[in-house]
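Pasting coords10.txt here (compact mmCIF, C-alpha atoms and all ligand atoms):
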# COMPACT_ATOMS: atom_id res chain seq x y z
CA MET A 1 105.53 110.60 104.54
CA ALA A 2 108.53 112.90 103.88
CA TYR A 3 109.34 114.03 100.35
CA ASP A 4 112.59 115.51 98.98
CA ASN A 5 111.46 116.87 95.61
CA ILE A 6 107.92 117.99 96.27
CA ILE A 7 105.89 119.58 99.08
CA LEU A 8 102.56 118.00 99.95
CA ASP A 9 99.85 119.68 101.97
CA ALA A 10 96.90 117.31 102.33
CA SER A 11 95.56 118.62 105.63
CA GLY A 12 92.50 120.55 104.42
CA ALA A 13 89.73 120.57 101.84
CA VAL A 14 92.06 122.28 99.36
CA GLY A 15 95.23 120.22 99.01
CA ARG A 16 98.42 121.29 97.31
CA ILE A 17 101.36 119.53 95.71
CA THR A 18 104.28 121.83 94.88
CA LEU A 19 107.05 120.61 92.61
CA ASN A 20 110.10 121.77 94.51
CA ARG A 21 113.21 121.68 92.33
CA PRO A 22 113.23 125.35 91.29
CA LYS A 23 116.95 125.34 90.38
CA ALA A 24 116.17 122.76 87.66
CA LEU A 25 112.89 124.55 86.81
CA ASN A 26 111.05 121.71 88.59
CA ALA A 27 112.15 119.14 86.01
CA LEU A 28 110.86 115.60 86.48
CA ASN A 29 113.48 113.00 87.34
CA GLU A 30 112.65 109.46 88.43
CA ALA A 31 112.59 110.33 92.14
CA THR A 32 110.21 113.24 91.54
CA LEU A 33 107.87 111.11 89.41
CA ARG A 34 107.79 108.46 92.14
CA GLU A 35 107.18 111.04 94.89
CA LEU A 36 104.40 112.71 92.91
CA THR A 37 102.68 109.36 92.39
CA MET A 38 102.99 108.53 96.09
CA ALA A 39 101.66 111.97 97.05
CA VAL A 40 98.64 111.58 94.76
CA ARG A 41 97.93 108.20 96.37
CA GLU A 42 98.32 109.77 99.84
CA VAL A 43 95.77 112.43 98.91
CA ARG A 44 93.41 109.72 97.69
CA ARG A 45 93.78 107.55 100.79
CA GLY A 46 93.43 110.50 103.19
CA ARG A 47 89.96 111.43 101.87
CA ILE A 48 90.30 114.91 103.38
CA VAL A 49 91.23 116.87 100.26
CA ARG A 50 88.27 117.83 98.07
CA CYS A 51 90.21 119.73 95.41
CA LEU A 52 93.92 119.37 94.63
CA VAL A 53 96.16 122.15 93.30
CA LEU A 54 99.37 121.19 91.53
CA THR A 55 101.95 123.92 91.12
CA GLY A 56 105.67 124.67 90.82
CA ALA A 57 108.05 126.35 93.29
CA GLY A 58 109.89 129.49 92.24
CA ASP A 59 108.74 132.28 89.97
CA LYS A 60 109.87 130.84 86.67
CA ALA A 61 108.41 127.42 86.01
CA PHE A 62 105.51 125.12 86.68
CA CYS A 63 107.72 122.35 85.26
CA ALA A 64 110.24 122.47 82.39
CA GLY A 65 109.68 118.81 81.54
CA ALA A 66 111.45 115.54 82.05
CA ASP A 67 114.94 115.99 83.50
CA ILE A 68 117.27 116.14 80.50
CA ALA A 69 120.37 115.50 82.63
CA ALA A 70 118.75 112.32 83.91
CA MET A 71 117.80 111.20 80.38
CA VAL A 72 121.08 111.92 78.61
CA ASP A 73 122.56 108.44 79.22
CA MET A 74 119.33 106.45 79.28
CA SER A 75 119.10 103.27 77.22
CA ALA A 76 115.92 102.55 75.25
CA VAL A 77 114.87 100.04 77.91
CA GLU A 78 115.38 102.61 80.68
CA ALA A 79 113.50 105.20 78.61
CA ARG A 80 110.52 102.85 78.32
CA ARG A 81 110.53 102.34 82.09
CA PHE A 82 110.80 106.13 82.60
CA ALA A 83 107.86 106.76 80.25
CA ARG A 84 105.80 104.18 82.12
CA LEU A 85 106.57 105.88 85.43
CA GLY A 86 105.27 109.10 83.90
CA HIS A 87 102.16 107.38 82.59
CA ARG A 88 101.48 105.87 86.00
CA LEU A 89 101.53 109.34 87.56
CA MET A 90 99.24 110.83 84.89
CA HIS A 91 96.76 107.96 85.30
CA ALA A 92 96.83 108.38 89.10
CA LEU A 93 95.99 112.09 88.69
CA GLU A 94 93.19 111.47 86.20
CA ASP A 95 91.83 108.71 88.40
CA LEU A 96 91.66 110.89 91.55
CA PRO A 97 87.96 111.23 92.43
CA ILE A 98 88.35 114.98 93.06
CA PRO A 99 89.03 117.95 90.76
CA VAL A 100 92.70 118.74 90.14
CA ILE A 101 93.88 122.21 89.09
CA ALA A 102 97.24 122.80 87.41
CA ALA A 103 98.29 126.28 88.57
CA VAL A 104 100.79 127.18 85.85
CA ASN A 105 102.96 130.04 86.99
CA GLY A 106 105.67 129.91 84.29
CA PHE A 107 107.06 127.34 81.85
CA ALA A 108 104.99 124.17 81.33
CA LEU A 109 107.07 122.30 78.79
CA GLY A 110 107.37 118.71 77.65
CA GLY A 111 106.58 116.46 80.63
CA GLY A 112 105.47 119.62 82.47
CA LEU A 113 102.73 120.28 79.93
CA GLU A 114 101.87 116.57 79.99
CA LEU A 115 101.46 116.83 83.77
CA ALA A 116 99.13 119.83 83.37
CA LEU A 117 97.13 117.96 80.72
CA ALA A 118 96.42 115.17 83.22
CA CYS A 119 94.71 117.73 85.50
CA ASP A 120 91.05 118.74 85.17
CA PHE A 121 91.79 122.44 84.72
CA ILE A 122 94.78 124.51 83.64
CA LEU A 123 94.77 127.97 85.21
CA ALA A 124 97.66 130.13 84.08
CA SER A 125 99.40 133.34 85.09
CA PRO A 126 100.23 135.76 82.26
CA LYS A 127 103.85 134.56 82.48
CA ALA A 128 102.97 130.98 81.53
CA ARG A 129 104.55 129.45 78.40
CA PHE A 130 103.54 126.11 76.97
CA GLY A 131 105.14 123.70 74.55
CA GLN A 132 106.23 120.20 73.64
CA PRO A 133 109.87 120.94 72.72
CA GLU A 134 111.01 117.29 72.74
CA ILE A 135 111.61 117.34 68.97
CA ASN A 136 114.49 119.76 69.62
CA LEU A 137 116.15 117.03 71.69
CA GLY A 138 115.58 114.37 69.03
CA ILE A 139 112.82 112.65 71.00
CA ILE A 140 109.02 112.80 71.30
CA PRO A 141 106.67 113.45 74.24
CA GLY A 142 106.76 110.38 76.48
CA PHE A 143 104.32 111.06 79.31
CA GLY A 144 101.12 111.01 77.22
CA GLY A 145 101.52 114.23 75.21
CA THR A 146 100.93 112.62 71.82
CA GLN A 147 97.58 111.39 73.18
CA ARG A 148 96.25 114.00 75.61
CA LEU A 149 97.30 117.10 73.65
CA PRO A 150 95.31 116.16 70.48
CA ARG A 151 92.34 115.27 72.66
CA ARG A 152 92.57 118.72 74.30
CA VAL A 153 93.29 121.03 71.36
CA GLY A 154 92.58 118.89 68.29
CA VAL A 155 94.95 116.87 66.12
CA ALA A 156 95.96 119.71 63.78
CA ARG A 157 97.11 122.03 66.57
CA ALA A 158 98.75 119.21 68.50
CA ARG A 159 100.74 118.26 65.39
CA GLU A 160 101.96 121.86 65.09
CA LEU A 161 103.12 122.01 68.70
CA ILE A 162 104.70 118.54 68.72
CA TYR A 163 106.36 118.73 65.28
CA SER A 164 107.65 122.32 65.66
CA GLY A 165 108.60 122.27 69.33
CA ASP A 166 107.52 125.94 69.42
CA LEU A 167 106.49 127.56 72.69
CA ILE A 168 103.24 129.52 72.95
CA GLY A 169 102.10 132.19 75.40
CA VAL A 170 98.82 132.47 77.25
CA GLU A 171 96.89 134.28 74.51
CA GLU A 172 97.48 131.48 72.03
CA ALA A 173 96.97 128.84 74.75
CA LEU A 174 93.58 130.38 75.55
CA ARG A 175 92.66 130.66 71.88
CA ILE A 176 93.25 126.96 71.22
CA GLY A 177 91.53 125.84 74.42
CA LEU A 178 94.65 124.55 76.15
CA VAL A 179 94.13 126.66 79.28
CA ASN A 180 90.83 127.37 81.03
CA HIS A 181 91.62 130.83 82.38
CA VAL A 182 94.44 133.34 82.68
CA LEU A 183 94.53 135.00 86.09
CA PRO A 184 96.25 138.30 86.96
CA LEU A 185 99.79 137.83 88.29
CA ASP A 186 99.33 139.83 91.50
CA GLU A 187 96.20 137.84 92.41
CA PHE A 188 97.34 134.48 91.06
CA ALA A 189 97.77 132.59 94.37
CA THR A 190 94.65 134.01 96.03
CA GLU A 191 92.51 133.50 92.93
CA ILE A 192 93.68 129.87 92.63
CA ASP A 193 92.83 129.29 96.31
CA LYS A 194 89.41 130.91 95.83
CA ARG A 195 88.57 128.76 92.80
CA ALA A 196 89.89 125.59 94.47
CA ALA A 197 87.84 126.32 97.61
CA ALA A 198 84.71 126.84 95.48
CA LEU A 199 85.23 123.44 93.84
CA ALA A 200 86.01 121.81 97.19
CA ALA A 201 82.63 123.02 98.46
CA LYS A 202 80.66 121.18 95.75
CA ALA A 203 78.94 117.81 96.27
CA PRO A 204 81.77 115.22 96.50
CA VAL A 205 79.85 112.23 95.13
CA GLY A 206 78.59 114.34 92.24
CA LEU A 207 82.10 115.56 91.42
CA GLU A 208 83.48 112.03 91.55
CA GLN A 209 80.79 110.69 89.24
CA ALA A 210 81.05 113.64 86.83
CA LYS A 211 84.83 113.17 86.56
CA ALA A 212 84.43 109.41 86.09
CA SER A 213 81.83 109.94 83.38
CA ILE A 214 83.94 112.50 81.50
CA ASN A 215 87.22 110.56 81.79
CA THR A 216 86.34 106.88 81.74
CA VAL A 217 84.41 106.74 78.49
CA ALA A 218 85.99 109.70 76.69
CA ASP A 219 87.00 107.45 73.81
CA ALA A 220 83.94 105.18 73.74
CA ASP A 221 81.18 105.45 71.12
CA LEU A 222 78.33 107.80 72.10
CA ALA A 223 75.84 105.04 73.00
CA THR A 224 78.33 103.28 75.32
CA ALA A 225 79.40 106.58 76.84
CA CYS A 226 75.80 107.63 77.51
CA ALA A 227 75.07 104.21 79.03
CA PHE A 228 78.00 104.80 81.41
CA GLU A 229 76.66 108.27 82.18
CA ALA A 230 73.26 106.78 83.10
CA GLU A 231 75.00 104.46 85.60
CA ALA A 232 77.00 107.35 87.09
CA PHE A 233 73.79 109.43 87.28
CA ALA A 234 72.13 106.52 89.13
CA VAL A 235 75.05 106.33 91.58
CA THR A 236 74.46 109.96 92.58
CA PHE A 237 70.83 109.03 93.37
CA ALA A 238 72.11 106.47 95.89
CA SER A 239 74.03 109.19 97.77
CA GLU A 240 72.96 111.11 100.88
CA ASP A 241 74.25 114.21 99.09
CA ARG A 242 71.55 113.87 96.45
CA THR A 243 68.82 113.71 99.11
CA GLU A 244 70.37 116.69 100.89
CA GLY A 245 70.88 118.69 97.66
CA MET A 246 67.30 118.31 96.51
CA ARG A 247 65.81 118.86 99.99
CA ALA A 248 67.93 121.97 100.47
CA PHE A 249 66.74 123.35 97.14
CA LEU A 250 63.08 122.78 98.08
CA ASP A 251 63.65 124.18 101.61
CA LYS A 252 65.38 127.24 100.08
CA ARG A 253 68.56 126.74 102.18
CA PRO A 254 72.19 125.98 101.31
CA PRO A 255 73.04 122.24 101.22
CA GLY A 256 75.40 120.63 103.72
CA TRP A 257 77.34 117.95 101.85
CA ARG A 258 78.42 114.78 103.64
CA GLY A 259 80.38 113.20 100.82
CA ARG A 260 78.42 109.97 100.84
N1 LIG B 1 115.79 119.14 82.61
C1 LIG B 1 116.86 119.39 83.40
N2 LIG B 1 117.27 120.64 83.73
C2 LIG B 1 116.56 121.65 83.23
C3 LIG B 1 115.44 121.47 82.40
C4 LIG B 1 115.06 120.14 82.10
N3 LIG B 1 113.97 119.85 81.36
N4 LIG B 1 114.97 122.69 82.03
C5 LIG B 1 115.75 123.60 82.63
N5 LIG B 1 116.72 122.98 83.34
C6 LIG B 1 117.80 123.60 84.13
C7 LIG B 1 118.87 124.19 83.23
O1 LIG B 1 119.78 123.20 82.82
C8 LIG B 1 119.49 125.22 84.16
O2 LIG B 1 120.34 124.57 85.06
P1 LIG B 1 121.76 125.24 85.45
O3 LIG B 1 121.39 126.53 86.15
O4 LIG B 1 122.36 124.24 86.38
O5 LIG B 1 122.49 125.45 84.19
C9 LIG B 1 118.27 125.73 84.97
O6 LIG B 1 117.27 124.71 84.84
C10 LIG B 1 117.71 127.02 84.42
O7 LIG B 1 117.42 126.83 83.05
P2 LIG B 1 117.96 127.81 81.90
O8 LIG B 1 119.25 128.46 82.33
O9 LIG B 1 117.96 127.07 80.61
O10 LIG B 1 116.83 128.92 81.94
P3 LIG B 1 116.34 129.83 80.73
O11 LIG B 1 115.44 130.85 81.33
O12 LIG B 1 117.49 130.33 79.92
O13 LIG B 1 115.47 128.88 79.79
C11 LIG B 1 113.84 127.17 79.33
C12 LIG B 1 114.30 128.30 80.28
C13 LIG B 1 113.41 127.75 77.99
C14 LIG B 1 112.67 126.48 79.99
C15 LIG B 1 115.02 126.20 79.12
O14 LIG B 1 115.54 125.82 80.40
C16 LIG B 1 114.67 124.93 78.40
O15 LIG B 1 114.51 124.95 77.18
N6 LIG B 1 114.53 123.80 79.13
C17 LIG B 1 114.28 122.51 78.54
C18 LIG B 1 112.82 122.36 78.14
C19 LIG B 1 112.61 121.03 77.46
O16 LIG B 1 113.23 120.71 76.46
N7 LIG B 1 111.68 120.23 78.01
C20 LIG B 1 111.38 118.93 77.48
C21 LIG B 1 112.16 117.88 78.19
S1 LIG B 1 111.99 116.30 77.44
C22 LIG B 1 110.52 115.69 78.03
O17 LIG B 1 109.83 116.32 78.79
C23 LIG B 1 110.20 114.31 77.55
C24 LIG B 1 108.90 113.77 77.98
O18 LIG B 1 107.87 114.11 77.47
C25 LIG B 1 108.85 112.73 78.97
Kindly return the structure encoded in the file as structure tokens.
Amino acid sequence: MAYDNIILDASGAVGRITLNRPKALNALNEATLRELTMAVREVRRGRIVRCLVLTGAGDKAFCAGADIAAMVDMSAVEARRFARLGHRLMHALEDLPIPVIAAVNGFALGGGLELALACDFILASPKARFGQPEINLGIIPGFGGTQRLPRRVGVARARELIYSGDLIGVEEALRIGLVNHVLPLDEFATEIDKRAAALAAKAPVGLEQAKASINTVADADLATACAFEAEAFAVTFASEDRTEGMRAFLDKRPPGWRGR
């Protein structure tokens, strides 16, 4: 399907969705949220992509947040609908059975940071800047930031970012565990591709079950969460990949994954 606000490449093992509104620093309006959700579903249905990279066009921003021009005249009812559109996208990303990398090449603010937080990994260039500046607009994060940010960096640090609206650079983002790695600027694109390809080459059923186990019961009590893990572990034993992985280890050869 054709998209106006994003670019989707879902033709190979490493897929890519590029937010493509660089003049507005890739801000998220309703059309972009809908297109992103459709693209994520297309990736899921296609079953070709084994690792998805989400990034922003231009050299300035991953995404500067929800589109302020689109929100300026919103009623409360419209704002609720807008927030739910955002939540639907974040759930779709978290629910993808493959790893998703946010390749943050500049600003990741407000809804842009919330988008990155719905990905499995945040890999940043040294230019990246992060923040939840909604308070400076008289609003709060509306695409899951009040929930996913504390889960990622702890409540105390999330409060600081959300109450102050301050932006932080990569050193601080690394220190508080917001980003996984900072990659050199001149090797950013190639290093992202390399890491995505390495993930795409891992056992698909194992990745799916690991992601499900980490995400699905993240907020359950330990006993329930471990019971879920045991079920997910058992699912991997029903896969051809498990037979292949263990045989390959014993035969001292690399495994050939089938994804089933
Ligand atoms: N929405 C709409 N347009 C935006 C935007 C946004 N979130 N962020 C930037 N833009 C636009 C600017 O209006 C500007 O457009 P024009 O050229 O037409 O004037 C263009 O992008 C370039 O931006 P700046 O000139 O401001 O660039 P800068 O380098 O001086 O500053 C910035 C960069 C610090 C990121 C600044 O643009 C900024 O503060 N943006 C807003 C960030 C923000 O508040 N995000 C939170 C939005 S609310 C939200 O996300 C709610 C939610 O959780 C759902």
Provide the CA of Leu199 (chain A) to CA of Leu185 (chain A) distance in Å, to one decimal place.
->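 Between CA of Leu199 (chain A) and CA of Leu185 (chain A) the gap works out to 21.2 Å.
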Which is closest to Arg16 (chain A) among A:Ala189, A:Ala61, A:Met1, A:Ala156, if we use all atoms listed in the file?
->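 Answer, going by the shortest atom-to-atom distance: A:Ala189.
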Between A:Asp9, A:Asp193, A:Asp4, A:Asp67, which one has atoms that come closest to ligand LIG 1 (chain B), using all atoms listed in the file?
-> A:Asp67
List every residue of chain A that has an atom at most 6 Å from any atom of ligand LIG 1 (chain B), and for each one report the closest atom pair and its distance in Å to one decimal, counting only C-alpha atoms and all ligand atoms, with rows sorted by chain and then by increasing residue number, as CSV.
residue,atom,partner,partner_atom,distance
A:Lys23,CA,B:LIG1,C9,5.6
A:Ala24,CA,B:LIG1,O6,3.6
A:Leu25,CA,B:LIG1,O6,4.8
A:Ala27,CA,B:LIG1,C4,5.0
A:Ala64,CA,B:LIG1,N3,4.7
A:Gly65,CA,B:LIG1,O17,3.7
A:Ala66,CA,B:LIG1,O17,3.7
A:Asp67,CA,B:LIG1,N1,3.4
A:Ile68,CA,B:LIG1,N1,4.0
A:Ala69,CA,B:LIG1,C1,5.3
A:Phe107,CA,B:LIG1,C14,6.0
A:Leu109,CA,B:LIG1,N7,5.1
A:Gly110,CA,B:LIG1,O17,3.6
A:Gly111,CA,B:LIG1,O17,3.7
A:Pro133,CA,B:LIG1,O16,5.0
A:Glu134,CA,B:LIG1,S1,4.9
A:Pro141,CA,B:LIG1,O18,3.5
A:Gly142,CA,B:LIG1,C25,4.0
A:Phe143,CA,B:LIG1,C25,4.8
Please provide as a ChimeraX atom specification all residues within 10 Å of Phe233 (chain A), with the sequence filter that same-chain residues fewer than 6 positions apart are discarded (counting only C-alpha atoms).
-> /A:206,209-210,213,227
For the residues selected in the previous step, produce a file with C-alpha atoms as a tab-separated table (two decimals), in the frame of the given file.
chain	number	residue	atom	x	y	z
A	206	GLY	CA	78.59	114.34	92.24
A	209	GLN	CA	80.79	110.69	89.24
A	210	ALA	CA	81.05	113.64	86.83
A	213	SER	CA	81.83	109.94	83.38
A	227	ALA	CA	75.07	104.21	79.03
So which residues fall inside 10 Å of (96.1, 117.9, 71.2) if we count all atoms listed in the file? Mind giving them as a JSON list (two decimals) with C-alpha atoms, in the frame of the given file?
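point.json written:
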[["chain", "number", "residue", "atom", "x", "y", "z"],
["A", 117, "LEU", "CA", 97.13, 117.96, 80.72],
["A", 145, "GLY", "CA", 101.52, 114.23, 75.21],
["A", 146, "THR", "CA", 100.93, 112.62, 71.82],
["A", 147, "GLN", "CA", 97.58, 111.39, 73.18],
["A", 148, "ARG", "CA", 96.25, 114.00, 75.61],
["A", 149, "LEU", "CA", 97.30, 117.10, 73.65],
["A", 150, "PRO", "CA", 95.31, 116.16, 70.48],
["A", 151, "ARG", "CA", 92.34, 115.27, 72.66],
["A", 152, "ARG", "CA", 92.57, 118.72, 74.30],
["A", 153, "VAL", "CA", 93.29, 121.03, 71.36],
["A", 154, "GLY", "CA", 92.58, 118.89, 68.29],
["A", 155, "VAL", "CA", 94.95, 116.87, 66.12],
["A", 156, "ALA", "CA", 95.96, 119.71, 63.78],
["A", 157, "ARG", "CA", 97.11, 122.03, 66.57],
["A", 158, "ALA", "CA", 98.75, 119.21, 68.50],
["A", 159, "ARG", "CA", 100.74, 118.26, 65.39],
["A", 160, "GLU", "CA", 101.96, 121.86, 65.09],
["A", 161, "LEU", "CA", 103.12, 122.01, 68.70],
["A", 162, "ILE", "CA", 104.70, 118.54, 68.72],
["A", 176, "ILE", "CA", 93.25, 126.96, 71.22],
["A", 177, "GLY", "CA", 91.53, 125.84, 74.42],
["A", 178, "LEU", "CA", 94.65, 124.55, 76.15]]
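The residue set within 6 Å of region 82-97 of chain A, counting only C-alpha atoms and dropping same-chain residues fewer than 2 places from it, reads A:Thr37, A:Ala79, A:Arg80, A:Ala118, A:Gly142, A:Phe143, A:Glu208.
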Excluding Val14 (chain A) and any residue of its chain fewer than 4 positions from it, enumerate the residues within 8 Å of it, using all atoms listed in the file, and give them as an MDAnalysis selection string.
-> chainID A and resid 10 49:53 193 196:197 200
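You will find CA of Glu35 (chain A) at 22.1 Å from CA of Asp73 (chain A).
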For Asn20 (chain A), which residue out of A:Arg45, A:Val170, A:Arg34, A:Ala57 is the nearest one, using all atoms listed in the file?
-> A:Ala57
Atom pair CA of His181 (chain A) / CA of Ile122 (chain A): separation (Å) | 7.2 Å
List the neighbours of Ala212 (chain A) out to 12 Å using all atoms listed in the file; skip same-chain residues closer than 5 positions along the sequence, and give me the result as JSON, numbers by chain.
-> {"A": [94, 95, 96, 97, 98, 99, 120, 205, 206, 207, 217, 218, 225, 228, 229, 230, 231, 232, 233, 235, 236]}
Which of A:Ser125, A:Ser239, A:Asn5, A:Ser75 sits closest to Gly259 (chain A) [using all atoms listed in the file] |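 For Gly259 (chain A), the nearest of the candidates is A:Ser239.
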Which residue of A:Ile168, A:Ile139, A:Ala238, A:Val43 approaches Ala13 (chain A) most closely, using all atoms listed in the file = A:Val43
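Minimum atom-to-atom distance to Leu115 (chain A), evaluated using all atoms listed in the file, belongs to A:Leu28 out of A:Ile135, A:Ala203, A:Met246, A:Leu28.
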